[in-house]
file input24.cif (mmCIF, C-alpha atoms)
data_start
loop_
_atom_site.label_atom_id
_atom_site.label_comp_id
_atom_site.auth_asym_id
_atom_site.auth_seq_id
_atom_site.Cartn_x
_atom_site.Cartn_y
_atom_site.Cartn_z
CA MET A 1018 149.98 -0.91 129.55
CA THR A 1019 146.93 -2.79 130.63
CA PHE A 1020 146.26 -6.40 129.92
CA GLY A 1021 142.89 -7.78 129.15
CA GLY A 1022 141.08 -4.97 127.45
CA GLY A 1023 138.80 -2.12 128.31
CA PHE A 1024 137.19 -3.13 131.54
CA ALA A 1025 140.39 -4.20 133.19
CA MET A 1026 141.95 -1.04 131.86
CA SER A 1027 139.41 0.97 133.76
CA THR A 1028 140.82 -0.23 137.06
CA VAL A 1029 144.28 0.93 136.18
CA LEU A 1030 142.98 4.21 134.83
CA ARG A 1031 140.96 4.78 137.93
CA HIS A 1032 143.97 3.99 140.06
CA GLU A 1033 146.10 6.49 138.22
CA LEU A 1034 143.60 9.25 137.71
CA VAL A 1035 141.43 9.10 140.80
CA LEU A 1036 143.47 7.54 143.52
CA LYS A 1037 147.04 8.38 142.75
CA ARG A 1038 147.07 11.65 140.89
CA ARG A 1039 143.74 12.89 142.07
CA TRP A 1040 142.91 14.54 138.81
CA LEU A 1041 139.38 13.28 139.03
CA SER A 1042 136.83 12.44 141.63
CA ASP A 1043 135.47 8.95 141.73
CA LYS A 1044 132.06 10.20 140.74
CA GLU A 1045 133.43 11.96 137.68
CA PHE A 1046 135.27 8.85 136.73
CA VAL A 1047 132.15 6.70 136.90
CA ASN A 1048 130.25 9.17 134.77
CA THR A 1049 132.99 9.41 132.22
CA PHE A 1050 133.45 5.68 132.11
CA SER A 1051 129.79 5.26 131.31
CA THR A 1052 130.00 7.68 128.44
CA ALA A 1053 133.13 6.00 127.15
CA THR A 1054 131.38 2.66 127.24
CA ALA A 1055 128.25 3.91 125.57
CA VAL A 1056 130.20 5.19 122.62
CA PRO A 1057 131.52 2.62 120.16
CA GLY A 1058 135.17 1.81 120.07
CA ALA A 1059 137.83 0.82 122.51
CA ILE A 1060 136.68 1.84 125.95
CA GLY A 1061 140.15 2.61 127.17
CA VAL A 1062 140.90 4.87 124.25
CA ASN A 1063 137.60 6.67 124.59
CA LEU A 1064 138.15 7.15 128.29
CA ALA A 1065 141.60 8.52 127.69
CA PHE A 1066 140.24 10.85 125.08
CA ILE A 1067 137.50 12.24 127.30
CA GLU A 1068 139.73 12.75 130.28
CA GLY A 1069 142.51 14.22 128.20
CA ARG A 1070 140.07 16.70 126.78
CA ARG A 1071 138.71 17.56 130.20
CA LEU A 1072 142.11 18.23 131.59
CA HIS A 1073 143.78 19.87 128.65
CA GLY A 1074 141.37 20.46 125.82
CA MET A 1075 141.68 18.86 122.43
CA ALA A 1076 145.45 18.64 122.59
CA GLY A 1077 145.18 16.75 125.84
CA ALA A 1078 142.58 14.47 124.34
CA ILE A 1079 144.81 13.49 121.47
CA ALA A 1080 147.85 13.16 123.68
CA ALA A 1081 146.00 10.90 126.07
CA ALA A 1082 144.59 8.73 123.30
CA VAL A 1083 147.98 8.36 121.66
CA GLY A 1084 149.57 7.69 125.01
CA ILE A 1085 147.20 4.94 125.92
CA VAL A 1086 147.55 3.26 122.57
CA CYS A 1087 151.32 3.48 122.28
CA PRO A 1088 152.42 0.70 124.62
CA SER A 1089 150.04 -1.78 123.00
CA VAL A 1090 151.08 -0.79 119.52
CA LEU A 1091 154.71 -1.14 120.44
CA VAL A 1092 154.29 -4.50 122.06
CA ILE A 1093 152.20 -5.90 119.25
CA LEU A 1094 154.66 -4.68 116.66
CA LEU A 1095 157.48 -6.36 118.49
CA ILE A 1096 155.51 -9.55 118.72
CA ALA A 1097 154.43 -9.46 115.13
CA ARG A 1098 157.99 -9.00 114.08
CA PHE A 1099 159.94 -11.17 116.46
CA GLY A 1100 157.69 -12.87 118.89
CA ALA A 1101 156.22 -15.91 117.23
CA PRO A 1102 158.54 -18.53 118.73
CA TYR A 1103 158.10 -17.23 122.26
CA PHE A 1104 154.43 -17.80 122.59
CA ASP A 1105 154.62 -21.51 122.69
CA HIS A 1106 157.23 -21.48 125.40
CA PRO A 1107 155.72 -23.08 128.50
CA THR A 1108 157.15 -20.55 130.92
CA VAL A 1109 155.72 -17.67 129.01
CA ALA A 1110 152.41 -19.45 128.75
CA ALA A 1111 152.32 -20.06 132.49
CA PHE A 1112 153.06 -16.46 133.28
CA LEU A 1113 150.42 -15.25 130.88
CA LYS A 1114 147.91 -17.66 132.28
CA GLY A 1115 148.47 -16.29 135.76
CA SER A 1116 148.11 -12.76 134.47
CA ALA A 1117 144.94 -13.56 132.62
CA ILE A 1118 143.37 -14.81 135.81
CA ALA A 1119 144.33 -11.64 137.59
CA VAL A 1120 142.54 -9.75 134.87
CA ALA A 1121 139.36 -11.57 135.79
CA GLY A 1122 139.87 -10.42 139.36
CA GLN A 1123 140.50 -6.94 138.12
CA ILE A 1124 137.26 -6.75 136.18
CA ALA A 1125 135.53 -7.99 139.30
CA PHE A 1126 137.15 -5.19 141.22
CA ALA A 1127 136.01 -2.67 138.64
CA ALA A 1128 132.48 -3.95 139.03
CA PHE A 1129 132.86 -3.70 142.77
CA THR A 1130 133.90 -0.06 142.75
CA PHE A 1131 131.18 0.73 140.30
CA ALA A 1132 128.51 -1.00 142.32
CA ARG A 1133 129.71 0.68 145.45
CA ARG A 1134 129.03 4.02 143.86
CA LEU A 1135 125.61 3.04 142.63
CA ARG A 1136 124.28 1.19 145.61
CA ARG A 1137 122.55 4.20 147.10
CA HIS A 1138 119.56 3.96 144.82
CA TRP A 1139 117.62 0.75 144.39
CA GLN A 1140 116.64 1.83 140.90
CA ASN A 1141 120.19 1.17 139.82
CA ALA A 1142 119.90 -2.45 140.78
CA VAL A 1143 116.76 -2.80 138.70
CA VAL A 1144 118.35 -1.21 135.65
CA CYS A 1145 121.41 -3.37 136.10
CA GLY A 1146 119.19 -6.41 136.30
CA LEU A 1147 117.53 -5.46 133.05
CA GLY A 1148 120.92 -5.08 131.40
CA LEU A 1149 122.00 -8.48 132.61
CA PHE A 1150 118.80 -9.99 131.32
CA VAL A 1151 119.30 -8.49 127.87
CA LEU A 1152 122.84 -9.77 127.77
CA GLY A 1153 121.82 -13.13 129.14
CA ILE A 1154 119.41 -13.80 126.34
CA GLY A 1155 122.24 -13.21 123.94
CA LEU A 1156 121.61 -9.78 122.54
CA HIS A 1157 124.44 -7.50 121.56
CA PRO A 1158 125.59 -5.19 124.37
CA ILE A 1159 124.32 -2.16 122.59
CA TRP A 1160 120.79 -3.31 123.36
CA ALA A 1161 121.67 -3.74 127.00
CA VAL A 1162 123.01 -0.23 127.11
CA ALA A 1163 120.03 1.16 125.24
CA ALA A 1164 117.60 -0.66 127.49
CA ALA A 1165 119.44 0.50 130.58
CA GLY A 1166 119.48 4.07 129.40
CA ALA A 1167 115.79 3.97 128.55
CA LEU A 1168 114.72 2.35 131.79
CA GLY A 1169 116.94 4.65 133.78
CA TYR A 1170 115.42 7.58 132.03
CA LEU A 1171 111.90 6.45 132.77
CA MET A 1172 112.57 5.61 136.36
CA MET A 1173 114.37 8.80 137.18
CA ARG A 1174 111.44 10.78 135.98
CA GLU A 1175 109.81 10.49 139.34
CA ARG A 1176 112.75 11.62 141.31
CA MET A 1177 113.47 15.25 140.63
CA THR A 1178 114.75 15.97 144.07
CA PRO A 1179 117.27 18.58 145.16
CA TYR A 1180 119.74 15.73 145.48
CA ASP A 1181 119.59 15.38 141.74
CA ALA A 1182 120.24 19.05 141.31
CA THR A 1183 123.36 19.07 143.42
CA ASP A 1184 124.44 15.92 141.71
CA VAL A 1185 124.41 17.92 138.53
CA ASP A 1186 126.72 20.63 139.79
CA GLU A 1187 129.20 18.43 141.60
CA GLY A 1188 131.69 16.95 139.27
CA GLU A 1189 129.62 17.71 136.25
CA ASP A 1190 131.72 20.62 135.22
CA TYR A 1191 133.95 19.69 132.37
CA LYS A 1192 136.39 22.28 131.18
CA MET B 825 146.79 -0.32 97.12
CA GLN B 826 143.59 -2.21 97.20
CA LYS B 827 144.68 -3.98 100.34
CA LEU B 828 144.96 -0.72 102.21
CA TRP B 829 141.41 0.08 101.32
CA LEU B 830 140.24 -3.32 102.54
CA LEU B 831 142.11 -2.71 105.74
CA ALA B 832 140.51 0.67 106.20
CA VAL B 833 136.97 -0.51 105.65
CA ALA B 834 137.39 -3.59 107.81
CA PHE B 835 138.76 -1.71 110.75
CA ALA B 836 136.36 1.15 110.39
CA ILE B 837 133.56 -1.36 110.76
CA ILE B 838 135.31 -2.99 113.67
CA GLY B 839 135.87 0.39 115.22
CA ILE B 840 132.18 1.14 115.10
CA GLY B 841 131.13 -2.29 116.24
CA ALA B 842 133.65 -2.62 119.02
CA TYR B 843 131.09 -2.22 121.71
CA GLY B 844 130.69 -3.51 125.18
CA GLY B 845 134.12 -4.95 125.74
CA GLY B 846 136.66 -7.06 123.97
CA LEU B 847 134.77 -10.32 124.13
CA VAL B 848 132.13 -8.93 121.85
CA THR B 849 134.62 -7.63 119.37
CA VAL B 850 136.05 -11.06 118.64
CA PRO B 851 133.22 -12.41 116.48
CA LEU B 852 133.13 -9.15 114.62
CA ILE B 853 136.84 -9.26 113.89
CA ASP B 854 136.50 -12.84 112.86
CA HIS B 855 133.80 -11.96 110.41
CA GLU B 856 135.43 -8.91 108.92
CA LEU B 857 138.97 -10.11 108.68
CA VAL B 858 138.77 -13.83 108.22
CA LYS B 859 135.50 -14.60 106.57
CA THR B 860 134.83 -11.71 104.28
CA ARG B 861 138.10 -10.09 103.46
CA HIS B 862 140.54 -12.92 104.00
CA LEU B 863 143.06 -10.65 105.58
CA LEU B 864 143.67 -13.26 108.21
CA HIS B 865 143.72 -16.99 108.18
CA LYS B 866 141.43 -18.99 110.47
CA ASP B 867 144.16 -20.46 112.66
CA GLU B 868 145.85 -17.15 112.93
CA MET B 869 142.64 -15.78 114.33
CA SER B 870 142.75 -17.79 117.52
CA LYS B 871 146.42 -16.98 117.94
CA ILE B 872 145.66 -13.32 117.62
CA VAL B 873 142.87 -13.45 120.14
CA ALA B 874 145.18 -15.10 122.62
CA ILE B 875 147.90 -12.60 121.90
CA ALA B 876 145.53 -9.67 122.10
CA GLN B 877 144.15 -10.85 125.41
CA MET B 878 147.56 -11.20 126.86
CA THR B 879 149.09 -8.02 125.59
CA PRO B 880 148.27 -4.56 126.73
CA GLY B 881 145.44 -2.75 125.11
CA PRO B 882 142.02 -3.36 123.69
CA ILE B 883 141.56 -6.33 121.40
CA ALA B 884 140.34 -4.28 118.50
CA VAL B 885 143.41 -2.06 118.65
CA ASN B 886 145.76 -5.00 118.96
CA ALA B 887 144.14 -6.77 116.06
CA ALA B 888 144.40 -3.63 113.98
CA THR B 889 148.08 -3.21 114.72
CA PHE B 890 148.86 -6.83 114.06
CA VAL B 891 146.93 -7.27 110.86
CA GLY B 892 147.96 -3.85 109.62
CA PHE B 893 151.56 -4.81 110.11
CA ARG B 894 151.11 -8.07 108.25
CA VAL B 895 149.40 -6.43 105.34
CA ALA B 896 151.46 -3.31 104.93
CA GLY B 897 154.31 -3.13 107.39
CA LEU B 898 154.76 -0.41 109.97
CA GLY B 899 152.73 2.10 108.03
CA GLY B 900 149.91 -0.37 107.71
CA ALA B 901 149.96 -1.01 111.43
CA LEU B 902 149.73 2.66 112.29
CA PHE B 903 147.13 3.22 109.64
CA ALA B 904 144.83 0.43 110.77
CA THR B 905 145.22 1.40 114.40
CA SER B 906 144.25 4.98 113.68
CA ILE B 907 141.23 3.88 111.69
CA VAL B 908 139.95 1.59 114.39
CA VAL B 909 139.91 4.27 117.07
CA LEU B 910 138.51 6.94 114.83
CA PRO B 911 134.75 6.28 115.05
CA GLY B 912 134.71 6.52 118.82
CA ILE B 913 136.85 9.62 118.82
CA MET B 914 134.77 11.32 116.20
CA ILE B 915 131.60 10.69 118.13
CA LEU B 916 133.19 11.96 121.29
CA THR B 917 134.43 15.07 119.55
CA ALA B 918 130.98 15.72 118.20
CA LEU B 919 129.55 15.24 121.66
CA GLY B 920 132.07 17.71 122.92
CA TYR B 921 130.74 20.38 120.65
CA VAL B 922 127.20 20.05 121.89
CA ARG B 923 128.42 19.85 125.43
CA GLY B 924 127.24 23.33 126.25
CA TRP B 925 123.59 22.56 126.02
CA ILE B 926 123.67 18.84 126.58
CA GLN B 927 125.37 18.87 129.94
CA PRO B 928 122.67 20.52 131.98
CA ASN B 929 119.98 18.89 129.88
CA GLN B 930 117.75 16.87 132.15
CA HIS B 931 117.04 14.20 129.58
CA PHE B 932 120.70 13.60 129.00
CA LEU B 933 121.37 13.40 132.71
CA ARG B 934 118.64 10.91 133.29
CA LEU B 935 119.79 8.81 130.39
CA ARG B 936 123.28 8.77 131.70
CA ARG B 937 122.08 7.74 135.12
CA GLY B 938 120.52 4.72 133.51
CA LEU B 939 123.66 4.20 131.49
CA ARG B 940 125.79 3.83 134.58
CA ALA B 941 123.80 0.92 135.86
CA GLY B 942 123.82 -0.51 132.37
CA VAL B 943 127.59 -0.37 132.33
CA LEU B 944 127.62 -2.21 135.61
CA SER B 945 125.61 -4.97 133.99
CA LEU B 946 128.17 -5.12 131.19
CA LEU B 947 130.94 -5.43 133.72
CA LEU B 948 129.19 -8.20 135.57
CA PHE B 949 128.47 -10.05 132.37
CA ALA B 950 132.08 -9.68 131.31
CA ILE B 951 133.21 -11.19 134.59
CA TRP B 952 130.94 -14.10 133.95
CA CYS B 953 132.10 -14.74 130.38
CA TYR B 954 135.71 -14.06 131.01
CA GLY B 955 135.69 -16.03 134.21
CA GLN B 956 134.27 -19.06 132.48
CA VAL B 957 137.09 -19.04 129.98
CA VAL B 958 139.91 -18.37 132.35
CA ILE B 959 138.95 -20.10 135.55
CA THR B 960 139.29 -23.76 134.79
CA GLY B 961 140.07 -25.07 138.21
CA LEU B 962 140.41 -24.41 141.90
CA ALA B 963 143.86 -22.91 141.62
CA GLU B 964 142.68 -20.44 139.05
CA LEU B 965 139.69 -19.49 141.14
CA ALA B 966 141.92 -18.97 144.15
CA ILE B 967 144.21 -16.68 142.20
CA ALA B 968 141.30 -14.68 140.86
CA ILE B 969 139.77 -14.24 144.30
CA GLY B 970 143.16 -13.42 145.71
CA ALA B 971 143.73 -10.74 143.12
CA PHE B 972 140.30 -9.30 143.80
CA LEU B 973 140.86 -9.22 147.55
CA ILE B 974 144.24 -7.59 147.24
CA LEU B 975 142.84 -4.94 144.97
CA THR B 976 139.97 -4.30 147.34
CA MET B 977 141.87 -4.23 150.57
CA PHE B 978 144.75 -2.17 149.31
CA GLU B 979 142.77 0.14 147.14
CA GLY B 980 144.89 3.06 146.13
CA LYS B 981 148.04 1.65 147.60
CA VAL B 982 148.77 -1.20 145.26
CA HIS B 983 148.91 -0.63 141.55
CA PRO B 984 146.67 -2.97 139.58
CA LEU B 985 149.45 -3.78 137.16
CA ALA B 986 151.53 -5.02 140.06
CA VAL B 987 148.74 -7.39 140.94
CA ILE B 988 148.67 -8.70 137.40
CA ALA B 989 152.41 -9.15 137.26
CA GLY B 990 152.34 -10.79 140.64
CA SER B 991 149.68 -13.20 139.49
CA GLY B 992 151.78 -13.97 136.48
CA LEU B 993 154.60 -14.92 138.77
CA VAL B 994 152.28 -17.08 140.82
CA GLY B 995 151.22 -18.66 137.57
CA LEU B 996 154.86 -19.42 136.84
CA LEU B 997 155.13 -21.27 140.09
CA ILE B 998 151.94 -23.18 139.83
CA PHE B 999 151.41 -23.97 136.18
#
call {"tool": "encode", "arguments": {"input": "input24.cif", "output": "structure tokens"}}
result
Amino acid sequence: MTFGGGFAMSTVLRHELVLKRRWLSDKEFVNTFSTATAVPGAIGVNLAFIEGRRLHGMAGAIAAAVGIVCPSVLVILLIARFGAPYFDHPTVAAFLKGSAIAVAGQIAFAAFTFARRLRRHWQNAVVCGLGLFVLGIGLHPIWAVAAAGALGYLMMRERMTPYDATDVDEGEDYK
Amino acid sequence: MQKLWLLAVAFAIIGIGAYGGGLVTVPLIDHELVKTRHLLHKDEMSKIVAIAQMTPGPIAVNAATFVGFRVAGLGGALFATSIVVLPGIMILTALGYVRGWIQPNQHFLRLRRGLRAGVLSLLLFAIWCYGQVVITGLAELAIAIGAFLILTMFEGKVHPLAVIAGSGLVGLLIF
């Protein structure tokens, strides 16, 4: 039931999965979120799918995906069927406007938690900068992601430290 | 029905191209549904974007449900929605199968490290774009910052959806 699309959805998902139910560590969430973003399609659905699979195999994956899609489908169906007159109502519009703004704050929060996780290595800032540059000049996000992945790959080459090794074991074990 | 086929192809393409967040998906949807296949009328397009932004769920999914419903009723809605999430899910399933050897693979790990920072850049860019659209004045900015602060300070204790609803109520009062 998240407004505003994939990125905002990530905050709610993180809240539910990492903070409230503790099914995931923050680190695992960040990793999974990156994979979900790198794959085409709705980020929220992909995320749900991955986590569902991790927690309960394929059945869990499907259940999670269906679950995350259901509320939206329901709401949209109701709107498509009955809702047209309501959208021009000023009260509704005001409420939705307020919510939309909160979504902006939410995406900012998502970025904040993400950055917090990544701030340990300066290389991350550089890769992020490259991504922003690619996006800034107007290229499709897939190029930003590709560039980030490539640069990250090249930069990490130098750093095969034990820290990397433990990073692999911790939280990298999917079921 | 020929329309069903059009629906399927359109949303399959959208499902593959839905990359990097909802904002990117909009031009794609516009092209596939309005310009080429005429499944949607131009003015309806902007209405749908507004609706999709304000309702739960990813834009691509919402658009699929809505247009599917218009074209072929409930079945059409479910059909289009399934199609639009399929590409991502198929890729993820495929990834799942190679998980055994890809997980510990150093190249994959390095790539994903880069990916994470790349995702951060996407998030930041989304904040920028989204913020420009939604924050049209001081009041809006204040609400956005307020939402962000609340989420940050009460991380884990306040549910993000509550913040959104709360902002909606604030919107009611102010706008």
call {"tool": "residues_around", "arguments": {"input": "input24.cif", "residues": "Gly980 (chain B)", "least_positions_apart": "5", "cutoff": "12 Å", "atoms": "all atoms listed in the file", "output": "PyMOL selection string"}}
result
(chain A and resi 1028-1039+1043+1130) or (chain B and resi 974-975)
call {"tool": "closest_residue", "arguments": {"input": "input24.cif", "among": "B:Leu828, B:Gly900, B:Arg861, B:Gly970", "to": "chain A", "atoms": "all atoms listed in the file"}}
result
B:Gly970
call {"tool": "resolve_selection", "arguments": {"input": "input24.cif", "expression": "the PyMOL selection byres ((chain B and resi 893) around 10)", "output": "PyMOL selection string"}}
result
(chain A and resi 1093-1094+1097-1098) or (chain B and resi 887-892+894-905)
call {"tool": "atom_distance", "arguments": {"input": "input24.cif", "atom1": "CA of Ala1167 (chain A)", "atom2": "CA of Arg1070 (chain A)"}}
result
27.5 Å
call {"tool": "closest_residue", "arguments": {"input": "input24.cif", "among": "B:Val850, B:Ile840, B:Val982, B:Leu919", "to": "chain A", "atoms": "only C-alpha atoms"}}
result
B:Ile840
call {"tool": "resolve_selection", "arguments": {"input": "input24.cif", "expression": "the PyMOL selection byres ((chain A and resi 1134) around 12)", "output": "PyMOL selection string"}}
result
(chain A and resi 1042-1048+1127-1133+1135-1139+1141-1142) or (chain B and resi 937+940-941+944)
call {"tool": "write_last_selection", "arguments": {"input": "input24.cif", "atoms": "C-alpha atoms", "output": "PDB file, in the coordinates of the input"}}
result
ATOM      1  CA  SER A1042     136.830  12.440 141.630  1.00  0.00           C
ATOM      2  CA  ASP A1043     135.470   8.950 141.730  1.00  0.00           C
ATOM      3  CA  LYS A1044     132.060  10.200 140.740  1.00  0.00           C
ATOM      4  CA  GLU A1045     133.430  11.960 137.680  1.00  0.00           C
ATOM      5  CA  PHE A1046     135.270   8.850 136.730  1.00  0.00           C
ATOM      6  CA  VAL A1047     132.150   6.700 136.900  1.00  0.00           C
ATOM      7  CA  ASN A1048     130.250   9.170 134.770  1.00  0.00           C
ATOM      8  CA  ALA A1127     136.010  -2.670 138.640  1.00  0.00           C
ATOM      9  CA  ALA A1128     132.480  -3.950 139.030  1.00  0.00           C
ATOM     10  CA  PHE A1129     132.860  -3.700 142.770  1.00  0.00           C
ATOM     11  CA  THR A1130     133.900  -0.060 142.750  1.00  0.00           C
ATOM     12  CA  PHE A1131     131.180   0.730 140.300  1.00  0.00           C
ATOM     13  CA  ALA A1132     128.510  -1.000 142.320  1.00  0.00           C
ATOM     14  CA  ARG A1133     129.710   0.680 145.450  1.00  0.00           C
ATOM     15  CA  LEU A1135     125.610   3.040 142.630  1.00  0.00           C
ATOM     16  CA  ARG A1136     124.280   1.190 145.610  1.00  0.00           C
ATOM     17  CA  ARG A1137     122.550   4.200 147.100  1.00  0.00           C
ATOM     18  CA  HIS A1138     119.560   3.960 144.820  1.00  0.00           C
ATOM     19  CA  TRP A1139     117.620   0.750 144.390  1.00  0.00           C
ATOM     20  CA  ASN A1141     120.190   1.170 139.820  1.00  0.00           C
ATOM     21  CA  ALA A1142     119.900  -2.450 140.780  1.00  0.00           C
TER      22      ALA A1142
ATOM     23  CA  ARG B 937     122.080   7.740 135.120  1.00  0.00           C
ATOM     24  CA  ARG B 940     125.790   3.830 134.580  1.00  0.00           C
ATOM     25  CA  ALA B 941     123.800   0.920 135.860  1.00  0.00           C
ATOM     26  CA  LEU B 944     127.620  -2.210 135.610  1.00  0.00           C
TER      27      LEU B 944
END
call {"tool": "atom_distance", "arguments": {"input": "input24.cif", "atom1": "CA of Gly990 (chain B)", "atom2": "CA of Ser1116 (chain A)"}}
result
7.7 Å
call {"tool": "resolve_selection", "arguments": {"input": "input24.cif", "expression": "the PyMOL selection byres ((chain B and resi 967) around 10)", "output": "PyMOL selection string"}}
result
(chain A and resi 1115-1116+1118-1119+1121-1122) or (chain B and resi 959+962-966+968-973+991-992+994-995)
call {"tool": "write_last_selection", "arguments": {"input": "input24.cif", "atoms": "C-alpha atoms", "output": "mmCIF file, in the coordinates of the input"}}
result
data_model
loop_
_atom_site.group_PDB
_atom_site.id
_atom_site.type_symbol
_atom_site.label_atom_id
_atom_site.label_comp_id
_atom_site.auth_asym_id
_atom_site.auth_seq_id
_atom_site.Cartn_x
_atom_site.Cartn_y
_atom_site.Cartn_z
ATOM 1 C CA GLY A 1115 148.470 -16.290 135.760
ATOM 2 C CA SER A 1116 148.110 -12.760 134.470
ATOM 3 C CA ILE A 1118 143.370 -14.810 135.810
ATOM 4 C CA ALA A 1119 144.330 -11.640 137.590
ATOM 5 C CA ALA A 1121 139.360 -11.570 135.790
ATOM 6 C CA GLY A 1122 139.870 -10.420 139.360
ATOM 7 C CA ILE B 959 138.950 -20.100 135.550
ATOM 8 C CA LEU B 962 140.410 -24.410 141.900
ATOM 9 C CA ALA B 963 143.860 -22.910 141.620
ATOM 10 C CA GLU B 964 142.680 -20.440 139.050
ATOM 11 C CA LEU B 965 139.690 -19.490 141.140
ATOM 12 C CA ALA B 966 141.920 -18.970 144.150
ATOM 13 C CA ALA B 968 141.300 -14.680 140.860
ATOM 14 C CA ILE B 969 139.770 -14.240 144.300
ATOM 15 C CA GLY B 970 143.160 -13.420 145.710
ATOM 16 C CA ALA B 971 143.730 -10.740 143.120
ATOM 17 C CA PHE B 972 140.300 -9.300 143.800
ATOM 18 C CA LEU B 973 140.860 -9.220 147.550
ATOM 19 C CA SER B 991 149.680 -13.200 139.490
ATOM 20 C CA GLY B 992 151.780 -13.970 136.480
ATOM 21 C CA VAL B 994 152.280 -17.080 140.820
ATOM 22 C CA GLY B 995 151.220 -18.660 137.570
#
call {"tool": "atom_distance", "arguments": {"input": "input24.cif", "atom1": "CA of Thr860 (chain B)", "atom2": "CA of Gly841 (chain B)"}}
result
15.7 Å
call {"tool": "residues_around", "arguments": {"input": "input24.cif", "residues": "Val908 (chain B)", "least_positions_apart": "2", "cutoff": "9 Å", "atoms": "only C-alpha atoms", "output": "PDB file with C-alpha atoms, in the coordinates of the input"}}
result
ATOM      1  CA  GLY A1058     135.170   1.810 120.070  1.00  0.00           C
ATOM      2  CA  ALA A1059     137.830   0.820 122.510  1.00  0.00           C
TER       3      ALA A1059
ATOM      4  CA  ALA B 832     140.510   0.670 106.200  1.00  0.00           C
ATOM      5  CA  ALA B 834     137.390  -3.590 107.810  1.00  0.00           C
ATOM      6  CA  PHE B 835     138.760  -1.710 110.750  1.00  0.00           C
ATOM      7  CA  ALA B 836     136.360   1.150 110.390  1.00  0.00           C
ATOM      8  CA  ILE B 837     133.560  -1.360 110.760  1.00  0.00           C
ATOM      9  CA  ILE B 838     135.310  -2.990 113.670  1.00  0.00           C
ATOM     10  CA  GLY B 839     135.870   0.390 115.220  1.00  0.00           C
ATOM     11  CA  ILE B 840     132.180   1.140 115.100  1.00  0.00           C
ATOM     12  CA  ALA B 842     133.650  -2.620 119.020  1.00  0.00           C
ATOM     13  CA  ALA B 884     140.340  -4.280 118.500  1.00  0.00           C
ATOM     14  CA  VAL B 885     143.410  -2.060 118.650  1.00  0.00           C
ATOM     15  CA  ALA B 888     144.400  -3.630 113.980  1.00  0.00           C
ATOM     16  CA  PHE B 903     147.130   3.220 109.640  1.00  0.00           C
ATOM     17  CA  ALA B 904     144.830   0.430 110.770  1.00  0.00           C
ATOM     18  CA  THR B 905     145.220   1.400 114.400  1.00  0.00           C
ATOM     19  CA  SER B 906     144.250   4.980 113.680  1.00  0.00           C
ATOM     20  CA  LEU B 910     138.510   6.940 114.830  1.00  0.00           C
ATOM     21  CA  PRO B 911     134.750   6.280 115.050  1.00  0.00           C
ATOM     22  CA  GLY B 912     134.710   6.520 118.820  1.00  0.00           C
TER      23      GLY B 912
END
call {"tool": "residues_around", "arguments": {"input": "input24.cif", "residues": "Leu946 (chain B)", "least_positions_apart": "5", "cutoff": "10 Å", "atoms": "only C-alpha atoms", "output": "PDB file with C-alpha atoms, keeping the file's coordinate frame"}}
result
ATOM      1  CA  PHE A1024     137.190  -3.130 131.540  1.00  0.00           C
ATOM      2  CA  THR A1054     131.380   2.660 127.240  1.00  0.00           C
ATOM      3  CA  ALA A1128     132.480  -3.950 139.030  1.00  0.00           C
ATOM      4  CA  CYS A1145     121.410  -3.370 136.100  1.00  0.00           C
ATOM      5  CA  GLY A1148     120.920  -5.080 131.400  1.00  0.00           C
ATOM      6  CA  LEU A1149     122.000  -8.480 132.610  1.00  0.00           C
ATOM      7  CA  LEU A1152     122.840  -9.770 127.770  1.00  0.00           C
ATOM      8  CA  PRO A1158     125.590  -5.190 124.370  1.00  0.00           C
ATOM      9  CA  ILE A1159     124.320  -2.160 122.590  1.00  0.00           C
ATOM     10  CA  ALA A1161     121.670  -3.740 127.000  1.00  0.00           C
ATOM     11  CA  VAL A1162     123.010  -0.230 127.110  1.00  0.00           C
TER      12      VAL A1162
ATOM     13  CA  GLY B 844     130.690  -3.510 125.180  1.00  0.00           C
ATOM     14  CA  GLY B 845     134.120  -4.950 125.740  1.00  0.00           C
ATOM     15  CA  ARG B 940     125.790   3.830 134.580  1.00  0.00           C
ATOM     16  CA  ALA B 941     123.800   0.920 135.860  1.00  0.00           C
ATOM     17  CA  ILE B 951     133.210 -11.190 134.590  1.00  0.00           C
ATOM     18  CA  TRP B 952     130.940 -14.100 133.950  1.00  0.00           C
TER      19      TRP B 952
END
